[in-house]
$ cat target.cif   # mmCIF, C-alpha atoms
data_protein
#
loop_
_atom_site.group_PDB
_atom_site.id
_atom_site.type_symbol
_atom_site.label_atom_id
_atom_site.label_comp_id
_atom_site.auth_asym_id
_atom_site.auth_seq_id
_atom_site.Cartn_x
_atom_site.Cartn_y
_atom_site.Cartn_z
ATOM 1 C CA MET A 1 167.961 70.059 -26.516
ATOM 2 C CA GLU A 2 169.591 69.718 -23.116
ATOM 3 C CA LYS A 3 172.946 68.371 -24.283
ATOM 4 C CA GLU A 4 174.824 71.426 -23.028
ATOM 5 C CA LEU A 5 173.188 71.203 -19.621
ATOM 6 C CA ASP A 6 174.020 67.492 -19.379
ATOM 7 C CA LYS A 7 177.643 68.291 -20.163
ATOM 8 C CA VAL A 8 177.771 70.851 -17.368
ATOM 9 C CA ILE A 9 176.196 68.372 -14.925
ATOM 10 C CA GLU A 10 178.793 65.734 -15.857
ATOM 11 C CA GLU A 11 181.554 68.261 -15.310
ATOM 12 C CA ILE A 12 180.215 69.110 -11.851
ATOM 13 C CA MET A 13 179.957 65.425 -10.886
ATOM 14 C CA LEU A 14 183.625 64.946 -11.789
ATOM 15 C CA ALA A 15 184.684 67.470 -9.154
ATOM 16 C CA PRO A 16 186.181 65.892 -5.992
ATOM 17 C CA ASP A 17 183.834 64.760 -3.189
ATOM 18 C CA VAL A 18 180.671 65.634 -5.139
ATOM 19 C CA ASN A 19 177.860 63.100 -4.592
ATOM 20 C CA GLY A 20 174.943 64.728 -6.346
ATOM 21 C CA CYS A 21 173.865 67.729 -8.335
ATOM 22 C CA LEU A 22 170.540 69.393 -9.085
ATOM 23 C CA VAL A 23 169.409 72.272 -11.304
ATOM 24 C CA ALA A 24 165.956 73.827 -11.073
ATOM 25 C CA ASP A 25 164.145 76.797 -12.580
ATOM 26 C CA HIS A 26 162.526 79.707 -10.758
ATOM 27 C CA GLN A 27 159.266 77.821 -10.227
ATOM 28 C CA GLY A 28 160.832 74.742 -8.709
ATOM 29 C CA LEU A 29 160.800 72.554 -11.813
ATOM 30 C CA CYS A 30 163.725 70.158 -11.755
ATOM 31 C CA LEU A 31 165.704 70.625 -14.965
ATOM 32 C CA ALA A 32 168.454 68.137 -14.193
ATOM 33 C CA SER A 33 169.436 65.906 -11.294
ATOM 34 C CA LYS A 34 172.259 63.442 -10.878
ATOM 35 C CA GLY A 35 173.654 61.200 -8.146
ATOM 36 C CA THR A 36 172.238 61.449 -4.643
ATOM 37 C CA ALA A 37 170.193 64.555 -5.515
ATOM 38 C CA HIS A 38 166.500 63.659 -5.649
ATOM 39 C CA VAL A 39 164.136 65.154 -8.229
ATOM 40 C CA ASP A 40 161.561 65.937 -5.538
ATOM 41 C CA SER A 41 163.964 68.183 -3.648
ATOM 42 C CA ALA A 42 163.915 70.797 -6.427
ATOM 43 C CA GLY A 43 160.912 72.640 -4.979
ATOM 44 C CA ILE A 44 162.271 72.974 -1.480
ATOM 45 C CA ILE A 45 165.740 73.934 -2.721
ATOM 46 C CA VAL A 46 164.299 76.757 -4.823
ATOM 47 C CA ALA A 47 162.157 77.891 -1.901
ATOM 48 C CA ILE A 48 165.188 77.971 0.423
ATOM 49 C CA SER A 49 167.224 80.002 -2.047
ATOM 50 C CA GLU A 50 164.317 82.408 -2.603
ATOM 51 C CA GLN A 51 163.909 83.085 1.108
ATOM 52 C CA ALA A 52 167.671 83.471 1.540
ATOM 53 C CA CYS A 53 167.719 86.100 -1.207
ATOM 54 C CA LYS A 54 165.127 88.106 0.714
ATOM 55 C CA ILE A 55 167.429 88.586 3.708
ATOM 56 C CA GLN A 56 169.452 91.180 1.840
ATOM 57 C CA PRO A 57 167.671 91.889 -1.427
ATOM 58 C CA ASN A 58 170.177 94.518 -2.558
ATOM 59 C CA LEU A 59 173.118 92.115 -2.592
ATOM 60 C CA LYS A 60 173.702 89.268 -5.001
ATOM 61 C CA PRO A 61 172.124 85.897 -4.135
ATOM 62 C CA PRO A 62 173.795 84.263 -1.120
ATOM 63 C CA THR A 63 175.099 80.707 -0.968
ATOM 64 C CA VAL A 64 173.112 78.504 1.388
ATOM 65 C CA CYS A 65 174.965 75.606 2.999
ATOM 66 C CA LEU A 66 173.054 72.843 4.771
ATOM 67 C CA GLU A 67 175.472 70.847 6.869
ATOM 68 C CA THR A 68 175.353 67.577 8.701
ATOM 69 C CA ASP A 69 178.233 65.748 10.360
ATOM 70 C CA LYS A 70 179.763 64.378 7.181
ATOM 71 C CA LYS A 71 177.933 65.924 4.247
ATOM 72 C CA GLN A 72 176.833 69.304 3.046
ATOM 73 C CA CYS A 73 174.479 70.712 0.463
ATOM 74 C CA LEU A 74 175.399 73.960 -1.285
ATOM 75 C CA ILE A 75 172.566 75.964 -2.838
ATOM 76 C CA GLN A 76 172.986 79.046 -4.988
ATOM 77 C CA ARG A 77 170.853 81.023 -7.354
ATOM 78 C CA HIS A 78 171.950 82.710 -10.578
ATOM 79 C CA GLY A 79 169.265 84.636 -12.379
ATOM 80 C CA THR A 80 166.288 82.321 -12.673
ATOM 81 C CA ILE A 81 168.296 79.117 -12.205
ATOM 82 C CA THR A 82 168.968 77.550 -8.817
ATOM 83 C CA GLY A 83 171.668 74.942 -8.463
ATOM 84 C CA ALA A 84 172.440 72.551 -5.610
ATOM 85 C CA ILE A 85 175.544 70.432 -5.059
ATOM 86 C CA TYR A 86 175.628 67.559 -2.567
ATOM 87 C CA LYS A 87 179.169 66.765 -1.416
ATOM 88 C CA GLN A 88 181.176 65.212 1.352
ATOM 89 C CA LYS A 89 182.583 67.598 3.906
ATOM 90 C CA ALA A 90 186.232 68.390 3.344
ATOM 91 C CA MET B 1 79.386 149.036 -43.799
ATOM 92 C CA GLN B 2 77.146 146.353 -42.564
ATOM 93 C CA SER B 3 79.327 143.702 -44.204
ATOM 94 C CA ASN B 4 82.346 145.128 -42.408
ATOM 95 C CA GLU B 5 80.568 144.977 -39.097
ATOM 96 C CA GLU B 6 79.404 141.494 -39.839
ATOM 97 C CA GLU B 7 82.898 140.503 -40.799
ATOM 98 C CA CYS B 8 84.293 141.933 -37.613
ATOM 99 C CA LEU B 9 81.650 140.176 -35.625
ATOM 100 C CA LEU B 10 82.404 136.915 -37.354
ATOM 101 C CA HIS B 11 86.133 137.386 -36.761
ATOM 102 C CA SER B 12 85.637 138.033 -33.093
ATOM 103 C CA CYS B 13 83.321 135.012 -32.824
ATOM 104 C CA PHE B 14 85.824 132.771 -34.503
ATOM 105 C CA SER B 15 88.708 134.003 -32.383
ATOM 106 C CA SER B 16 86.785 133.495 -29.154
ATOM 107 C CA LEU B 17 85.695 130.041 -30.308
ATOM 108 C CA LYS B 18 89.287 129.216 -31.193
ATOM 109 C CA THR B 19 90.594 130.264 -27.786
ATOM 110 C CA ALA B 20 87.793 128.358 -26.083
ATOM 111 C CA VAL B 21 88.519 125.185 -28.012
ATOM 112 C CA MET B 22 92.268 125.517 -27.530
ATOM 113 C CA GLY B 23 91.720 126.214 -23.858
ATOM 114 C CA CYS B 24 89.602 123.087 -23.533
ATOM 115 C CA CYS B 25 92.183 120.943 -25.278
ATOM 116 C CA TYR B 26 94.977 122.403 -23.192
ATOM 117 C CA SER B 27 93.187 121.885 -19.904
ATOM 118 C CA PHE B 28 92.224 118.336 -20.917
ATOM 119 C CA CYS B 29 95.791 117.498 -21.872
ATOM 120 C CA ASN B 30 97.207 118.931 -18.660
ATOM 121 C CA LYS B 31 94.823 116.921 -16.489
ATOM 122 C CA GLU B 32 96.921 113.741 -17.057
ATOM 123 C CA ASN B 33 100.393 115.272 -16.798
ATOM 124 C CA ASP B 34 102.195 116.764 -13.831
ATOM 125 C CA PRO B 35 100.668 120.074 -12.771
ATOM 126 C CA GLN B 36 104.134 121.671 -12.880
ATOM 127 C CA GLU B 37 104.629 120.759 -16.537
ATOM 128 C CA HIS B 38 103.050 123.691 -18.311
ATOM 129 C CA ILE B 39 105.542 123.599 -21.141
ATOM 130 C CA VAL B 40 104.251 122.350 -24.473
ATOM 131 C CA ASN B 41 106.941 119.971 -25.622
ATOM 132 C CA GLU B 42 107.211 116.842 -27.747
ATOM 133 C CA ARG B 43 105.452 114.791 -25.056
ATOM 134 C CA THR B 44 102.213 116.809 -24.893
ATOM 135 C CA HIS B 45 99.338 114.852 -26.337
ATOM 136 C CA LEU B 46 97.710 116.299 -29.383
ATOM 137 C CA LEU B 47 94.660 114.115 -29.562
ATOM 138 C CA GLU B 48 92.310 112.696 -26.958
ATOM 139 C CA VAL B 49 92.186 109.362 -28.754
ATOM 140 C CA ALA B 50 95.864 108.668 -28.284
ATOM 141 C CA GLU B 51 95.460 108.871 -24.493
ATOM 142 C CA GLN B 52 92.477 106.527 -24.430
ATOM 143 C CA GLN B 53 94.473 103.953 -26.405
ATOM 144 C CA GLN B 54 97.322 104.188 -23.929
ATOM 145 C CA GLU B 55 95.115 103.817 -20.886
ATOM 146 C CA THR B 56 93.709 100.428 -21.865
ATOM 147 C CA PRO B 57 97.016 98.488 -22.187
ATOM 148 C CA VAL B 58 98.353 99.887 -18.882
ATOM 149 C CA PRO B 59 95.760 98.168 -16.653
ATOM 150 C CA THR B 60 96.518 94.753 -18.219
ATOM 151 C CA SER B 61 100.261 95.048 -17.628
ATOM 152 C CA SER B 62 99.701 96.147 -14.033
ATOM 153 C CA THR B 63 97.581 93.069 -13.326
ATOM 154 C CA SER B 64 100.273 90.714 -14.698
ATOM 155 C CA THR B 65 103.235 92.101 -12.671
ATOM 156 C CA PRO B 66 101.828 91.768 -9.116
ATOM 157 C CA PRO B 67 101.626 87.910 -9.219
ATOM 158 C CA ARG B 68 105.270 87.702 -10.396
ATOM 159 C CA LYS B 69 106.718 89.985 -7.704
ATOM 160 C CA PRO B 70 105.428 88.118 -4.645
ATOM 161 C CA ASP B 71 107.149 84.921 -5.913
ATOM 162 C CA GLU B 72 110.484 86.685 -6.182
ATOM 163 C CA GLN B 73 109.927 88.401 -2.883
ATOM 164 C CA SER B 74 109.027 85.159 -1.137
ATOM 165 C CA ALA B 75 112.042 83.422 -2.668
ATOM 166 C CA LEU B 76 114.302 86.226 -1.492
ATOM 167 C CA ASN B 77 112.810 86.070 1.973
ATOM 168 C CA ARG B 78 113.285 82.300 2.089
ATOM 169 C CA ILE B 79 116.964 82.605 1.100
ATOM 170 C CA LEU B 80 117.470 85.362 3.648
ATOM 171 C CA HIS B 81 115.866 83.297 6.385
ATOM 172 C CA GLU B 82 117.955 80.219 5.511
ATOM 173 C CA THR B 83 121.174 82.241 5.559
ATOM 174 C CA ALA B 84 120.268 83.832 8.866
ATOM 175 C CA THR B 85 119.669 80.434 10.475
ATOM 176 C CA ASN B 86 122.716 78.704 8.963
ATOM 177 C CA VAL B 87 125.365 81.407 9.035
ATOM 178 C CA ILE B 88 126.956 82.518 12.280
ATOM 179 C CA ASP B 89 127.782 86.206 12.081
ATOM 180 C CA VAL B 90 130.872 86.504 14.240
ATOM 181 C CA GLY B 91 131.154 90.250 13.765
ATOM 182 C CA ALA B 92 127.679 90.828 15.179
ATOM 183 C CA LEU B 93 128.180 88.643 18.240
ATOM 184 C CA GLY B 94 129.679 91.386 20.351
ATOM 185 C CA PRO B 95 132.395 91.314 23.026
ATOM 186 C CA TYR B 96 132.753 87.891 24.628
ATOM 187 C CA ALA B 97 133.982 88.044 28.194
ATOM 188 C CA LEU B 98 135.124 84.921 29.997
ATOM 189 C CA GLU B 99 134.571 84.841 33.742
ATOM 190 C CA PRO B 100 137.815 84.697 35.734
ATOM 191 C CA GLY B 101 136.677 81.466 37.403
ATOM 192 C CA ALA B 102 135.927 79.811 34.081
ATOM 193 C CA TYR B 103 139.259 81.026 32.654
ATOM 194 C CA SER B 104 141.388 79.584 35.460
ATOM 195 C CA GLU B 105 139.413 76.355 35.309
ATOM 196 C CA ARG B 106 140.142 76.038 31.598
ATOM 197 C CA VAL B 107 143.843 76.764 32.128
ATOM 198 C CA ARG B 108 143.968 73.973 34.691
ATOM 199 C CA ALA B 109 142.107 71.514 32.459
ATOM 200 C CA TYR B 110 144.305 72.220 29.433
ATOM 201 C CA THR B 111 147.609 71.968 31.290
ATOM 202 C CA ALA B 112 146.433 68.672 32.812
ATOM 203 C CA ARG B 113 145.597 67.338 29.337
ATOM 204 C CA VAL B 114 148.919 68.458 27.894
ATOM 205 C CA ALA B 115 150.847 66.888 30.757
ATOM 206 C CA ALA B 116 148.910 63.651 30.367
ATOM 207 C CA ALA B 117 149.704 63.421 26.616
ATOM 208 C CA PRO B 118 152.346 60.751 25.701
ATOM 209 C CA LEU B 119 155.859 62.118 26.207
ATOM 210 C CA GLY B 120 158.256 61.853 23.201
ATOM 211 C CA GLY B 121 161.619 59.986 23.352
ATOM 212 C CA PRO B 122 165.000 61.786 23.275
ATOM 213 C CA GLY B 123 165.812 63.517 19.950
ATOM 214 C CA PRO B 124 168.669 62.552 17.603
ATOM 215 C CA GLY B 125 170.880 65.435 18.758
ATOM 216 C CA ALA B 126 171.720 66.587 22.264
ATOM 217 C CA GLY B 127 168.163 65.891 23.476
ATOM 218 C CA PRO B 128 165.265 68.148 24.289
ATOM 219 C CA GLY B 129 165.735 67.775 28.042
ATOM 220 C CA GLN B 130 168.888 69.867 27.863
ATOM 221 C CA GLY B 131 167.037 72.588 26.003
ATOM 222 C CA PRO B 132 166.572 76.220 26.987
ATOM 223 C CA GLY B 133 165.268 75.541 30.507
ATOM 224 C CA PRO B 134 163.244 73.217 32.737
ATOM 225 C CA GLY B 135 159.990 75.133 32.173
ATOM 226 C CA PRO B 136 159.214 74.654 28.525
ATOM 227 C CA GLY B 137 161.165 71.357 28.454
ATOM 228 C CA PRO B 138 158.413 68.885 29.375
ATOM 229 C CA LEU B 139 155.866 70.871 27.369
ATOM 230 C CA VAL B 140 158.029 70.742 24.260
ATOM 231 C CA ARG B 141 158.567 67.027 24.680
ATOM 232 C CA ALA B 142 154.841 66.417 25.005
ATOM 233 C CA LEU B 143 154.043 68.371 21.865
ATOM 234 C CA SER B 144 156.459 66.485 19.552
ATOM 235 C CA PRO B 145 156.321 62.787 20.346
ATOM 236 C CA GLY B 146 158.677 60.588 18.410
ATOM 237 C CA HIS B 147 161.640 61.277 16.182
ATOM 238 C CA ARG B 148 162.520 64.924 15.591
ATOM 239 C CA LEU B 149 164.243 66.144 12.418
ATOM 240 C CA LEU B 150 166.170 69.156 13.700
ATOM 241 C CA ALA B 151 166.911 69.101 17.392
ATOM 242 C CA ASP B 152 168.187 72.230 19.064
ATOM 243 C CA VAL B 153 171.886 72.331 19.923
ATOM 244 C CA PRO B 154 172.870 73.314 23.508
ATOM 245 C CA PRO B 155 174.416 76.790 23.876
ATOM 246 C CA PRO B 156 178.108 75.793 24.337
ATOM 247 C CA GLU B 157 178.086 73.623 21.217
ATOM 248 C CA ARG B 158 176.088 76.224 19.348
ATOM 249 C CA SER B 159 178.647 78.980 19.921
ATOM 250 C CA GLY B 160 181.392 76.602 18.829
ATOM 251 C CA LEU B 161 179.537 75.769 15.607
ATOM 252 C CA LEU B 162 178.811 79.382 14.747
ATOM 253 C CA ALA B 163 182.418 80.426 15.386
ATOM 254 C CA ARG B 164 183.710 78.064 12.675
ATOM 255 C CA PRO B 165 184.458 79.514 9.229
ATOM 256 C CA PRO B 166 181.224 79.491 7.165
ATOM 257 C CA LEU B 167 182.286 78.000 3.851
ATOM 258 C CA THR B 168 185.615 77.320 2.222
ATOM 259 C CA HIS B 169 186.587 79.488 -0.690
ATOM 260 C CA ASP B 170 186.891 76.430 -2.939
ATOM 261 C CA ASP B 171 183.344 75.334 -2.178
ATOM 262 C CA LYS B 172 182.022 78.801 -2.874
ATOM 263 C CA GLU B 173 183.848 78.913 -6.187
ATOM 264 C CA LEU B 174 182.593 75.431 -7.040
ATOM 265 C CA ILE B 175 178.933 76.224 -6.551
ATOM 266 C CA THR B 176 179.117 79.678 -8.129
ATOM 267 C CA ASN B 177 180.830 78.460 -11.275
ATOM 268 C CA ALA B 178 178.551 75.446 -11.511
ATOM 269 C CA VAL B 179 175.387 77.524 -11.386
ATOM 270 C CA LYS B 180 176.776 80.085 -13.834
ATOM 271 C CA LYS B 181 177.633 77.378 -16.349
ATOM 272 C CA ALA B 182 174.244 75.719 -15.895
ATOM 273 C CA ALA B 183 172.476 79.036 -16.512
ATOM 274 C CA ALA B 184 174.556 79.632 -19.633
ATOM 275 C CA ALA B 185 173.832 76.124 -20.914
ATOM 276 C CA LEU B 186 170.099 76.621 -20.358
ATOM 277 C CA SER B 187 170.101 79.904 -22.226
ATOM 278 C CA GLU B 188 171.227 77.955 -25.277
ATOM 279 C CA LEU B 189 168.203 75.652 -25.052
ATOM 280 C CA ARG B 190 166.586 75.549 -28.434
ATOM 281 C CA VAL B 191 163.994 73.495 -30.297
ATOM 282 C CA GLU B 192 165.538 71.493 -33.161
ATOM 283 C CA HIS B 193 163.222 71.421 -36.110
ATOM 284 C CA HIS B 194 163.265 68.034 -37.875
ATOM 285 C CA GLU B 195 159.862 67.462 -39.424
ATOM 286 C CA ASP B 196 156.886 69.505 -40.507
ATOM 287 C CA LEU B 197 154.291 70.153 -37.825
ATOM 288 C CA VAL B 198 151.372 70.147 -40.244
ATOM 289 C CA VAL B 199 150.906 66.806 -42.023
ATOM 290 C CA PRO B 200 148.263 66.478 -44.760
ATOM 291 C CA PHE B 201 146.004 63.465 -44.532
ATOM 292 C CA ARG B 202 145.583 61.933 -47.957
ATOM 293 C CA VAL B 203 141.961 60.909 -47.817
ATOM 294 C CA PRO B 204 140.847 59.315 -51.147
#

$ encode --input "target.cif" --output "structure tokens"
Amino acid sequence: MEKELDKVIEEIMLAPDVNGCLVADHQGLCLASKGTAHVDSAGIIVAISEQACKIQPNLKPPTVCLETDKKQCLIQRHGTITGAIYKQKA
Amino acid sequence: MQSNEEECLLHSCFSSLKTAVMGCCYSFCNKENDPQEHIVNERTHLLEVAEQQQETPVPTSSTSTPPRKPDEQSALNRILHETATNVIDVGALGPYALEPGAYSERVRAYTARVAAAPLGGPGPGAGPGQGPGPGPGPLVRALSPGHRLLADVPPPERSGLLARPPLTHDDKELITNAVKKAAAALSELRVEHHEDLVVPFRVP
């Protein structure tokens, strides 16, 4: 059933510097995870994106970027799906 | 002539007897009911016998209900008493005023306890000692002993970090496209029907 989603995940992983990828639904259920992205992080990622959307509810969902010295985690919501990409800092 | 007089006399006798009897019945019926209910309706008793029959079952039912009610009442009282002893009604306590002496004593005791608590080591970042100021510094250290996940950055570094560009355009495009494609792929999620759901058991 999830062949299309797997294809999209593979495509994302092929992008440069990407270490991990995660897709979750609006309730925090992990739909797909690959690489360094952990299944258990789905809940917190969805929660972060939900709270970020509340800052300016009239605008489209913002992109949340969690940064450390060398890596970053990009989180964005689209409709009911929240996606996260773990990558090395450029 | 005489027959006419006799007839009239008889008529008058009968009518007076009738009113007397009806008056008796009416007064007897009204004895039981409310004195204000003078209206003859569907509830007025026609016969004396019907009332006597009703009176006898009423005393028996009244004797059976009193023993039941005290049990319920005593049970209710017991539950009420138990609740009153076990439950603390905070709303009914009233205003609680602490004496100024007791208040200052408590402040002293608590600050002494907090200061005596084991102090945590330096955090992974700049360190809590270089935090906002010397006042809350030792207190903050005491409250979070051990390794801290997100240490506060000192003001000069903080302004430098916030001044940097937020996110590169490529990264933004990457994440936006990725999530859009994932959402589109999920919308095409469908159940593939291979076999029948209902299978007949062939029992001989």

$ residues_around --input "target.cif" --residues "Ser33 (chain A)" --least-positions-apart "2" --cutoff "10 Å" --atoms "only C-alpha atoms" --output "list in words"
Asp6, Ile9, Gly20, Cys21, Leu22, Val23, Ala24, Cys30, Leu31, Gly35, Thr36, Ala37, His38, Val39, Asp40, Ser41, Ala42, Gly83, Ala84 and Ile85 of chain A

$ atom_distance --input "target.cif" --atom1 "CA of Pro118 (chain B)" --atom2 "CA of Val153 (chain B)"
23.4 Å

$ closest_atom_pairs --input "target.cif" --of "chain A" --to "chain B" --cutoff "9 Å" --atoms "only C-alpha atoms" --output "CSV"
residue,atom,partner,partner_atom,distance
A:Met1,CA,B:Leu189,CA,5.8
A:Glu2,CA,B:Leu189,CA,6.4
A:Lys3,CA,B:Ala185,CA,8.5
A:Glu4,CA,B:Ala185,CA,5.2
A:Leu5,CA,B:Ala185,CA,5.1
A:Asp6,CA,B:Ala185,CA,8.8
A:Lys7,CA,B:Ala185,CA,8.7
A:Val8,CA,B:Ala182,CA,6.2
A:Ile9,CA,B:Ala182,CA,7.7
A:Glu11,CA,B:Ala178,CA,8.7
A:Ile12,CA,B:Ala178,CA,6.6
A:Ala15,CA,B:Leu174,CA,8.5
A:Val23,CA,B:Ala182,CA,7.5
A:Thr63,CA,B:Lys172,CA,7.4
A:Cys65,CA,B:Leu167,CA,7.7
A:Leu74,CA,B:Ile175,CA,6.7
A:Ile75,CA,B:Ile175,CA,7.4
A:Gln76,CA,B:Ile175,CA,6.8
A:Arg77,CA,B:Val179,CA,7.0
A:His78,CA,B:Val179,CA,6.3
A:Gly79,CA,B:Ala183,CA,7.7
A:Thr80,CA,B:Ala183,CA,8.0
A:Ile81,CA,B:Ala183,CA,6.0
A:Thr82,CA,B:Val179,CA,6.9
A:Gly83,CA,B:Val179,CA,5.4
A:Ala84,CA,B:Ile175,CA,7.5
A:Ile85,CA,B:Ile175,CA,6.9

$ axis_aligned_box --input "target.cif" --around "region 72-80 of chain A" --padding-each-side "8 Å" --output "AutoDock Vina command-line options"
--center_x 171.6 --center_y 77.0 --center_z -4.8 --size_x 26.5 --size_y 31.3 --size_z 31.7

$ closest_residue --input "target.cif" --among "A:Asp17, A:Ile45, A:Cys53, A:His26" --to "Lys89 (chain A)" --atoms "all atoms listed in the file"
A:Asp17

$ atom_distance --input "target.cif" --atom1 "CA of Thr83 (chain B)" --atom2 "CA of Pro70 (chain B)"
19.7 Å

$ atom_distance --input "target.cif" --atom1 "CA of Asn86 (chain B)" --atom2 "CA of Arg106 (chain B)"
28.7 Å
